[in-house]
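Novice: Before anything else, here's the structure in question.
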Amino acid sequence: MSRGEERHVPLQQDAELANEQAAAFPDMVWIPAATYRMGSDHHYPEERPAHRVSVDGFWIDRYPVTNERFARFVTATQHVSFAEIPPDPAQYPGALPHMLYAGSLVFVRPDAPVDRHNIGNWWSFMQAADWRHPQGPRTSIEGREQHPVVHVTFADAEAFATWEGKTLPTEAEWELAARGGLDGAAYAWGDTFLPDGRYMANTWQGEFPWQSLCGDGYEGTSPVGTFPANGYGLHDMIGNVWEWTTDWYVAKHPGEVIKACCTPHNPRGPQLADSYDPRQPEILIPRKVIKGGSHLCAPNYCRRYRPAARFPEPIDTSACHVGFRCIVRPESQAGNG
Ligand SMILES: [Ca+2]
């Protein structure tokens, strides 16, 4: 296969695929076709309603894309990530000129409790923060080669996936993979957040955003594969970094289809025009669904370290807690986006 050409493998029986094609997809895992309940009726409103969907089988990266992997892509293609390019004033009417610099969103932990209604108390749009400088210009990825790449926009993730001959998952594909075969469980590993007191994902301990107790051993991102795999053998689906999906975001799921004949098959989400932020109608920047939560998710602030959890991310936004992983669909699904 040549770089830049999306890979598709012939559709065979699941077991055959898993055995015979494994060598073709190092560090990818075959997720068998399934019908499952997507979303949740027991957590945040945007996860409702839980509803049945069916998804064809696909391969998915065992880990989020790492800095090392992204660096190979940049070396080969000279890709310049969105965060490294000063914004075009024409694209941001009304923006203050001195705010139009190249940069990205960095979490800066306050020293003391702050008003949690104002996310500006911990998010900083930091000049010269980008994937090589995850905490700002004076930081680097040295020693963090196996951490997930961060500060990537949707377009950066898509460009990388195309280069590897892969694509990005839909929300339904991502959520199926994250559930690890445990249909309806709250977490990727079952219904208990800390089974036997064990941390199953890199999240936040302490009172967010100022108190980081670091009970799981990591403040910020962690090397991929540090925490246990889910039932499919996938690591870091939950916590560490949020992951881009291809679905446009609306703050709810479609309703359950009662007739089994008509269960949505390989759903692709709503239309772009539905994804604008209704609270900021003057800003016409579409938003994608990101999944999985991150190292900044805390029980006392944002319990989104679950497969059903979802969040809107504007496509031009990059941050220190958002990355991605790729998938490959069998040949029979080619052209499904
Ligand atoms: Ca942590």
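Residue numbers start at 1 in each chain; chains themselves are named A, B, ... in the order of the structure tokens; ligands are numbered from 1 in the order shown.
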Excluding Leu168 (chain A) and its own-chain neighbours fewer than 3 positions away, which residues fall within 10 Å of it when counting only C-alpha atoms? Please give them as an NGL selection string.
Specialist: :A and (60 or 154 or 157-162 or 171 or 173-174 or 243-247 or 324-329 or 337)
Novice: List all protein, DNA and RNA residues that have an atom no more than 7 Å from any atom of ligand 1, counting only C-alpha atoms and all ligand atoms, and report them as a VMD selection string.
Specialist: chain A and resid 202 to 205 214 to 220 295
Novice: Restrict the selected residues to C-alpha atoms and save them as a PDB file, in the first residue's frame.
Specialist:
```pdb
ATOM      1  CA  ASN A 202      -5.554   8.584  33.490  1.00  0.00           C
ATOM      2  CA  THR A 203      -8.025  11.049  34.985  1.00  0.00           C
ATOM      3  CA  TRP A 204      -7.864  13.844  37.620  1.00  0.00           C
ATOM      4  CA  GLN A 205      -7.854  13.293  41.362  1.00  0.00           C
ATOM      5  CA  CYS A 214      -2.145  12.649  41.232  1.00  0.00           C
ATOM      6  CA  GLY A 215      -3.391   9.380  42.711  1.00  0.00           C
ATOM      7  CA  ASP A 216      -3.008   7.615  39.360  1.00  0.00           C
ATOM      8  CA  GLY A 217       0.591   8.754  39.093  1.00  0.00           C
ATOM      9  CA  TYR A 218       0.167  11.263  36.277  1.00  0.00           C
ATOM     10  CA  GLU A 219      -0.515  14.965  36.152  1.00  0.00           C
ATOM     11  CA  GLY A 220      -0.992  15.658  32.452  1.00  0.00           C
ATOM     12  CA  HIS A 295      -6.487  13.586  32.286  1.00  0.00           C
TER      13      HIS A 295
END
```
Novice: Return the single residue from A:Pro169, A:Pro267, A:Pro148, A:Gly39 that is closest to Arg69 (chain A), with distances computed using only C-alpha atoms.
Specialist: A:Pro148
Novice: Compare A:His42, A:His321, A:Lys288, A:Arg72 by their minimum atom-to-atom distance to Thr170 (chain A), counting only C-alpha atoms, and give me the closest one.
Specialist: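 So, comparing all the options, the nearest one is A:Lys288.
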Novice: So which residues touch region 298-315 of chain A within 7 Å, counting only C-alpha atoms, skipping near sequence neighbours fewer than 6 positions away, as a CSV table (one decimal) with N, CA and C atoms, in the first residue's frame?
Specialist:
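Wrote it out as result31.csv, contents follow:
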```
chain,number,residue,atom,x,y,z
A,38,MET,N,-25.9,2.6,22.2
A,38,MET,CA,-25.0,3.8,22.2
A,38,MET,C,-25.6,4.9,23.0
A,39,GLY,N,-24.8,5.6,23.8
A,39,GLY,CA,-25.3,6.7,24.6
A,39,GLY,C,-25.7,6.1,26.0
A,40,SER,N,-26.2,7.0,26.8
A,40,SER,CA,-26.6,6.6,28.2
A,40,SER,C,-27.8,7.5,28.7
A,47,GLU,N,-25.9,12.8,26.3
A,47,GLU,CA,-25.6,11.3,26.0
A,47,GLU,C,-26.9,10.6,25.8
A,153,THR,N,-5.7,19.8,15.6
A,153,THR,CA,-7.1,20.0,15.2
A,153,THR,C,-7.7,18.8,14.4
A,154,PHE,N,-8.9,18.9,14.1
A,154,PHE,CA,-9.5,17.8,13.3
A,154,PHE,C,-8.8,17.6,12.0
A,175,GLU,N,-17.3,4.5,20.1
A,175,GLU,CA,-18.0,4.1,21.3
A,175,GLU,C,-18.1,2.6,21.4
A,178,ALA,N,-14.7,1.4,22.5
A,178,ALA,CA,-14.4,1.8,23.9
A,178,ALA,C,-15.1,0.9,24.9
A,179,ARG,N,-16.3,0.4,24.5
A,179,ARG,CA,-17.1,-0.4,25.4
A,179,ARG,C,-16.4,-1.8,25.7
A,186,ALA,N,-21.2,1.3,32.5
A,186,ALA,CA,-20.9,2.8,32.7
A,186,ALA,C,-19.5,3.1,32.2
A,187,TYR,N,-18.6,2.2,32.5
A,187,TYR,CA,-17.2,2.4,32.2
A,187,TYR,C,-16.7,1.4,31.2
A,188,ALA,N,-15.5,1.7,30.6
A,188,ALA,CA,-15.0,0.8,29.6
A,188,ALA,C,-14.6,-0.6,30.2
A,203,THR,N,-7.1,10.0,34.8
A,203,THR,CA,-8.0,11.0,35.0
A,203,THR,C,-7.4,12.0,36.0
A,204,TRP,N,-8.3,12.8,36.7
A,204,TRP,CA,-7.9,13.8,37.6
A,204,TRP,C,-8.3,13.5,39.0
A,205,GLN,N,-7.5,13.5,40.0
A,205,GLN,CA,-7.9,13.3,41.4
A,205,GLN,C,-7.6,14.6,42.1
A,207,GLU,N,-9.6,18.3,43.9
A,207,GLU,CA,-10.6,19.2,43.5
A,207,GLU,C,-10.2,20.0,42.3
A,208,PHE,N,-10.9,19.8,41.2
A,208,PHE,CA,-10.6,20.4,40.0
A,208,PHE,C,-10.9,21.9,40.1
A,238,ILE,N,-10.3,5.6,27.4
A,238,ILE,CA,-10.8,6.5,28.4
A,238,ILE,C,-9.7,7.2,29.0
A,239,GLY,N,-9.9,8.5,29.3
A,239,GLY,CA,-8.9,9.3,30.0
A,239,GLY,C,-7.6,9.6,29.1
A,249,TYR,N,-21.4,17.5,15.9
A,249,TYR,CA,-22.0,17.4,17.3
A,249,TYR,C,-23.4,18.1,17.4
A,285,ILE,N,-18.4,28.3,13.5
A,285,ILE,CA,-17.4,27.3,13.4
A,285,ILE,C,-18.0,25.9,13.8
A,286,PRO,N,-18.0,25.0,12.8
A,286,PRO,CA,-18.7,23.7,13.1
A,286,PRO,C,-17.9,22.9,14.2
A,287,ARG,N,-18.6,22.0,14.9
A,287,ARG,CA,-18.0,21.3,16.0
A,287,ARG,C,-18.2,19.8,15.8
A,288,LYS,N,-17.1,19.1,16.1
A,288,LYS,CA,-17.1,17.6,16.0
A,288,LYS,C,-17.3,17.0,17.4
A,289,VAL,N,-17.7,15.8,17.4
A,289,VAL,CA,-17.7,15.0,18.7
A,289,VAL,C,-16.3,14.5,19.1
A,290,ILE,N,-15.9,14.8,20.3
A,290,ILE,CA,-14.7,14.2,20.8
A,290,ILE,C,-15.2,13.2,21.9
A,291,LYS,N,-14.4,12.2,22.2
A,291,LYS,CA,-14.8,11.1,23.0
A,291,LYS,C,-13.7,10.7,24.0
A,292,GLY,N,-14.2,10.1,25.2
A,292,GLY,CA,-13.3,9.4,26.0
A,292,GLY,C,-12.8,10.2,27.3
```
Novice: What residues in region 127-220 of chain A get the DSSP label helix (DSSP H, G or I)? Please answer as a list in words.
Specialist: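 Helix (DSSP H, G or I) members of region 127-220 of chain A, listed: Phe154, Ala155, Asp156, Ala157, Glu158, Ala159, Phe160, Ala161, Thr162, Trp163, Glu171, Ala172, Glu173, Trp174, Glu175, Leu176, Ala177, Ala178, Arg179, Pro195, Asp196 and Gly197 of chain A.
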Novice: Within region 121-329 of chain A, find each residue whose DSSP state, derived from the backbone, is strand (DSSP E), and express the selection as a list in words.
Specialist: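 DSSP on the backbone gives strand (DSSP E) at Trp123, Ser124, Phe125, Met126, Gln127, Trp242, Glu243, Trp244, Thr245, Thr246, Asp247, Trp248, Arg287, Lys288, Val289, Ile290, Lys291, Arg310, Phe311, Pro312, Glu313, Pro314, Val322, Gly323, Ile327, Val328 and Arg329 of chain A.
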Novice: Output N, CA and C atoms for every residue in the selection just made, as an mmCIF file, in the first residue's frame.
Specialist:
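Result went into again.cif, see below:
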```
data_model
loop_
_atom_site.group_PDB
_atom_site.id
_atom_site.type_symbol
_atom_site.label_atom_id
_atom_site.label_comp_id
_atom_site.auth_asym_id
_atom_site.auth_seq_id
_atom_site.Cartn_x
_atom_site.Cartn_y
_atom_site.Cartn_z
ATOM 1 N N TRP A 123 -7.839 27.753 31.481
ATOM 2 C CA TRP A 123 -7.443 27.583 30.084
ATOM 3 C C TRP A 123 -6.756 28.848 29.588
ATOM 4 N N SER A 124 -5.603 28.671 28.960
ATOM 5 C CA SER A 124 -4.863 29.800 28.409
ATOM 6 C C SER A 124 -4.593 29.534 26.937
ATOM 7 N N PHE A 125 -4.983 30.493 26.061
ATOM 8 C CA PHE A 125 -4.591 30.358 24.649
ATOM 9 C C PHE A 125 -3.158 30.859 24.556
ATOM 10 N N MET A 126 -2.238 29.907 24.550
ATOM 11 C CA MET A 126 -0.828 30.211 24.756
ATOM 12 C C MET A 126 -0.089 30.302 23.431
ATOM 13 N N GLN A 127 0.584 31.431 23.237
ATOM 14 C CA GLN A 127 1.372 31.634 22.026
ATOM 15 C C GLN A 127 2.470 30.582 21.931
ATOM 16 N N TRP A 242 -8.786 13.277 25.125
ATOM 17 C CA TRP A 242 -9.984 13.164 24.292
ATOM 18 C C TRP A 242 -9.555 12.763 22.889
ATOM 19 N N GLU A 243 -10.481 12.145 22.146
ATOM 20 C CA GLU A 243 -10.135 11.720 20.788
ATOM 21 C C GLU A 243 -11.185 12.222 19.788
ATOM 22 N N TRP A 244 -10.685 12.746 18.667
ATOM 23 C CA TRP A 244 -11.565 13.240 17.604
ATOM 24 C C TRP A 244 -12.365 12.096 16.976
ATOM 25 N N THR A 245 -13.623 12.367 16.661
ATOM 26 C CA THR A 245 -14.403 11.489 15.777
ATOM 27 C C THR A 245 -14.890 12.327 14.602
ATOM 28 N N THR A 246 -15.463 11.661 13.593
ATOM 29 C CA THR A 246 -15.886 12.380 12.389
ATOM 30 C C THR A 246 -17.303 12.940 12.483
ATOM 31 N N ASP A 247 -18.055 12.581 13.530
ATOM 32 C CA ASP A 247 -19.452 13.035 13.612
ATOM 33 C C ASP A 247 -19.533 14.513 13.993
ATOM 34 N N TRP A 248 -20.434 15.236 13.329
ATOM 35 C CA TRP A 248 -20.775 16.583 13.783
ATOM 36 C C TRP A 248 -21.555 16.458 15.092
ATOM 37 N N ARG A 287 -18.640 22.026 14.859
ATOM 38 C CA ARG A 287 -18.035 21.289 15.978
ATOM 39 C C ARG A 287 -18.164 19.782 15.763
ATOM 40 N N LYS A 288 -17.091 19.071 16.052
ATOM 41 C CA LYS A 288 -17.089 17.614 15.985
ATOM 42 C C LYS A 288 -17.263 17.024 17.385
ATOM 43 N N VAL A 289 -17.664 15.770 17.439
ATOM 44 C CA VAL A 289 -17.747 15.044 18.704
ATOM 45 C C VAL A 289 -16.350 14.549 19.075
ATOM 46 N N ILE A 290 -15.928 14.837 20.302
ATOM 47 C CA ILE A 290 -14.737 14.178 20.840
ATOM 48 C C ILE A 290 -15.197 13.234 21.948
ATOM 49 N N LYS A 291 -14.412 12.196 22.158
ATOM 50 C CA LYS A 291 -14.833 11.101 23.049
ATOM 51 C C LYS A 291 -13.731 10.694 24.032
ATOM 52 N N ARG A 310 -19.549 12.454 25.709
ATOM 53 C CA ARG A 310 -19.230 13.128 24.447
ATOM 54 C C ARG A 310 -19.120 14.612 24.711
ATOM 55 N N PHE A 311 -18.403 15.307 23.856
ATOM 56 C CA PHE A 311 -18.203 16.734 24.058
ATOM 57 C C PHE A 311 -18.003 17.378 22.697
ATOM 58 N N PRO A 312 -18.466 18.645 22.537
ATOM 59 C CA PRO A 312 -18.251 19.313 21.254
ATOM 60 C C PRO A 312 -16.881 19.979 21.203
ATOM 61 N N GLU A 313 -16.189 19.838 20.092
ATOM 62 C CA GLU A 313 -14.908 20.539 19.908
ATOM 63 C C GLU A 313 -14.931 21.244 18.549
ATOM 64 N N PRO A 314 -14.811 22.592 18.550
ATOM 65 C CA PRO A 314 -14.759 23.296 17.260
ATOM 66 C C PRO A 314 -13.592 22.776 16.430
ATOM 67 N N VAL A 322 -6.409 16.957 23.903
ATOM 68 C CA VAL A 322 -7.159 16.357 22.786
ATOM 69 C C VAL A 322 -6.186 15.738 21.776
ATOM 70 N N GLY A 323 -6.379 14.462 21.494
ATOM 71 C CA GLY A 323 -5.598 13.744 20.484
ATOM 72 C C GLY A 323 -6.539 12.922 19.616
ATOM 73 N N ILE A 327 -8.651 4.356 12.351
ATOM 74 C CA ILE A 327 -9.268 3.061 12.044
ATOM 75 C C ILE A 327 -9.017 2.706 10.582
ATOM 76 N N VAL A 328 -9.269 1.444 10.255
ATOM 77 C CA VAL A 328 -9.310 0.977 8.864
ATOM 78 C C VAL A 328 -10.586 0.167 8.706
ATOM 79 N N ARG A 329 -11.356 0.482 7.664
ATOM 80 C CA ARG A 329 -12.589 -0.278 7.402
ATOM 81 C C ARG A 329 -12.337 -1.308 6.316
#
```
Novice: Tell me which protein, DNA and RNA residues are within 8 Å of region 132-140 of chain A, counting only C-alpha atoms, leaving out same-chain ones fewer than 4 positions away, and put them as a ChimeraX atom specification.
Specialist: /A:106-107,126-128,150-151,320
Novice: Take the residues that were just selected and, keeping N, CA and C atoms, output them as an mmCIF file, in the first residue's frame.
Specialist:
```cif
data_model
loop_
_atom_site.group_PDB
_atom_site.id
_atom_site.type_symbol
_atom_site.label_atom_id
_atom_site.label_comp_id
_atom_site.auth_asym_id
_atom_site.auth_seq_id
_atom_site.Cartn_x
_atom_site.Cartn_y
_atom_site.Cartn_z
ATOM 1 N N VAL A 106 -3.773 25.679 26.508
ATOM 2 C CA VAL A 106 -2.981 24.967 27.507
ATOM 3 C C VAL A 106 -3.675 25.095 28.860
ATOM 4 N N PHE A 107 -3.760 23.980 29.560
ATOM 5 C CA PHE A 107 -4.299 23.986 30.916
ATOM 6 C C PHE A 107 -3.222 24.516 31.864
ATOM 7 N N MET A 126 -2.238 29.907 24.550
ATOM 8 C CA MET A 126 -0.828 30.211 24.756
ATOM 9 C C MET A 126 -0.089 30.302 23.431
ATOM 10 N N GLN A 127 0.584 31.431 23.237
ATOM 11 C CA GLN A 127 1.372 31.634 22.026
ATOM 12 C C GLN A 127 2.470 30.582 21.931
ATOM 13 N N ALA A 128 2.630 30.027 20.737
ATOM 14 C CA ALA A 128 3.697 29.056 20.449
ATOM 15 C C ALA A 128 3.541 27.723 21.178
ATOM 16 N N VAL A 150 -0.790 15.867 21.143
ATOM 17 C CA VAL A 150 -1.864 16.804 21.511
ATOM 18 C C VAL A 150 -1.696 18.089 20.694
ATOM 19 N N HIS A 151 -2.612 19.020 20.876
ATOM 20 C CA HIS A 151 -2.618 20.268 20.111
ATOM 21 C C HIS A 151 -2.801 19.991 18.619
ATOM 22 N N CYS A 320 -4.267 20.892 24.879
ATOM 23 C CA CYS A 320 -3.271 19.989 25.482
ATOM 24 C C CYS A 320 -3.889 18.685 25.959
#
```
Novice: Please measure the separation of CA of Ala201 (chain A) and CA of Tyr63 (chain A), giving the value in Å to one decimal.
Specialist: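 For CA of Ala201 (chain A) relative to CA of Tyr63 (chain A), the distance reads 12.8 Å.
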Novice: Taking into account only C-alpha atoms, which residue in the set A:His147, A:Arg198, A:His117, A:His51 is nearest to Asn240 (chain A)?
Specialist: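 Nearest candidate to Asn240 (chain A) out of A:His147, A:Arg198, A:His117, A:His51: A:His147.
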Novice: Just the number, please: distance in Å from CA of Gln146 (chain A) to CA of Phe58 (chain A), one decimal.
Specialist: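 Rounded to one decimal, the two atoms are 24.3 Å apart.
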Novice: Using only C-alpha atoms, which residues sit within 10 Å of Gly181 (chain A) once same-chain residues fewer than 2 positions away are excluded, as a list in words?
Specialist: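 Those residues are Ile31, Pro32, Ala34, Tyr36, Leu176, Ala177, Ala178, Arg179, Asp183, Gly184, Ala185, Ala188, Trp189, Asn230, Gly231 and Tyr232 of chain A.
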Novice: Would you compute the distance between CA of Ala319 (chain A) and CA of Asp130 (chain A)? Give it in Å to one decimal.
Specialist: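 According to the coordinates, CA of Ala319 (chain A) and CA of Asp130 (chain A) are separated by 8.4 Å.
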